[in-house]
Each structure stands twice: as structure tokens, then as C-alpha cells.
Amino acid sequence: MIDWLKEQWCAWFHGGGRIKRDCYGRINWQCDRCGRWGEPVERHDEDRIIESVRAIEERARSYTRTNTDEKYNELLMAVGKKHPGETRHETALRYIRQAEIGEPNSARAIVHEMRND
Ligand SMILES: [Zn+2]
């Protein structure tokens, strides 16, 4: 009864605490004022939560990788005819650079080079 009262007193009037690790290394909550501990997160629950978060992160990474691969392939496949002596990647890169900078020795390419000096 006295413990229950102490607990209720703390909950009502002590104004909060912090999440930290208790002496067993478990995630727990402790009242700033009286030092009362809350219910700990058991180690196996913490491990399961961490494992779930890692699995979600890995799926997100894998999704991003797949998405990036698909987009890159789409760019490569947009190269209708690859140039002799070039990979599809090199041809795509050259097309993009030409579009951005212009043909070598063109006015646009010269202006671009002057700006980057
Ligand atoms: Zn307290």
C-alpha cells in the first residue's frame, strides 16, 4: 500500500524523468526527483526492435538500389545506337555532355569553358 502511494505520488507530482539504462543495462525510465524506476524494456524485446529496424533499413536500401538500377538502365536504353568504340554508358555520357555544353569548339562550349576557368 505504501509503495503504491509512493508510486502514485511520484506519478502525480514529481513532474517527469528520463529514459536511460538501468544497472542491468536495460532501457528504462527514472524519475528525476525520487529516482523511482519504471518498467524496463527486456533485453530480448530491445534486440527484436533493433533487428526489425535493421530489416526495415535494409529493405529501404535495397529498394533505393533497385530503383536506381532501373533508372540507370532506362537512361542506357535511351541510347538508340551506341557509338563504335564506346560503351553504351560512354555514349550516353557524351550525349548528355554535348547537350549541356554543346559540340566541341561551338560557341556554347567555349563560353562554358571560359565560365569554368
Ligand atoms: Zn518520483
# chains A, B, ... in the order shown; residues from 1 in each chain; ligands from 1
>>> residues_around(residues="A:Leu75", least_positions_apart="6", cutoff="12 Å", atoms="only C-alpha atoms", output="PDB file with C-alpha atoms, in the first residue's frame")
ATOM      1  CA  THR A  68      18.482   3.488 -59.103  1.00  0.00           C
ATOM      2  CA  ASP A  69      19.479   0.475 -61.213  1.00  0.00           C
ATOM      3  CA  ARG A  88      26.562   2.459 -74.011  1.00  0.00           C
ATOM      4  CA  HIS A  89      27.441   4.346 -70.825  1.00  0.00           C
ATOM      5  CA  GLU A  90      30.132   6.418 -72.592  1.00  0.00           C
ATOM      6  CA  THR A  91      27.788   7.236 -75.469  1.00  0.00           C
ATOM      7  CA  ALA A  92      25.047   8.309 -73.023  1.00  0.00           C
ATOM      8  CA  LEU A  93      27.546  10.437 -71.107  1.00  0.00           C
ATOM      9  CA  TYR A  95      25.229  12.837 -75.435  1.00  0.00           C
ATOM     10  CA  ILE A  96      24.418  14.426 -72.084  1.00  0.00           C
TER      11      ILE A  96
END
>>> select_by_dssp(residues="chain A", states="helix (DSSP H, G or I)", output="count of residues only")
71
>>> atom_distance(atom1="atom CA of A:Glu70", atom2="atom CA of A:Arg97")
21.5 Å
>>> closest_residue(among="A:Tyr63, A:Trp9, A:Trp29, A:Tyr24", to="ligand 1", atoms="only C-alpha atoms and all ligand atoms")
A:Trp9
>>> residues_near_ligand(ligand="ligand 1", cutoff="12 Å", atoms="only C-alpha atoms and all ligand atoms", output="list of chain:residue names")
A:Asp3, A:Leu5, A:Lys6, A:Glu7, A:Gln8, A:Trp9, A:Cys10, A:Ala11, A:Trp12, A:Phe13, A:His14, A:Gly15, A:Gly16, A:Gly17, A:Arg18, A:Trp29, A:Gln30, A:Cys31, A:Asp32, A:Arg33, A:Cys34, A:Gly35, A:Arg36, A:Trp37, A:Gly38
>>> select_by_dssp(residues="stretch 24-67 of chain A", states="strand (DSSP E or B)", output="list in words")
Ile27, Asn28, Trp29, Gln30, Cys31, Trp37 and Val41 of chain A
>>> residues_around(residues="A:Ile27", least_positions_apart="6", cutoff="6 Å", atoms="only C-alpha atoms", output="list in words")
Lys20, Arg21, Pro40 and Val41 of chain A
>>> write_last_selection(atoms="N, CA and C atoms", output="PDB file, in the first residue's frame")
ATOM      1  N   LYS A  20      16.800   6.064 -19.620  1.00  0.00           N
ATOM      2  CA  LYS A  20      18.224   5.731 -19.526  1.00  0.00           C
ATOM      3  C   LYS A  20      18.370   4.248 -19.295  1.00  0.00           C
ATOM      4  N   ARG A  21      19.607   3.781 -19.211  1.00  0.00           N
ATOM      5  CA  ARG A  21      19.838   2.366 -18.937  1.00  0.00           C
ATOM      6  C   ARG A  21      19.952   2.166 -17.422  1.00  0.00           C
ATOM      7  N   PRO A  40      11.232  -1.822 -17.135  1.00  0.00           N
ATOM      8  CA  PRO A  40      12.299  -1.868 -18.137  1.00  0.00           C
ATOM      9  C   PRO A  40      11.848  -2.536 -19.441  1.00  0.00           C
ATOM     10  N   VAL A  41      12.551  -2.187 -20.494  1.00  0.00           N
ATOM     11  CA  VAL A  41      12.386  -2.929 -21.753  1.00  0.00           C
ATOM     12  C   VAL A  41      13.327  -4.119 -21.642  1.00  0.00           C
TER      13      VAL A  41
END
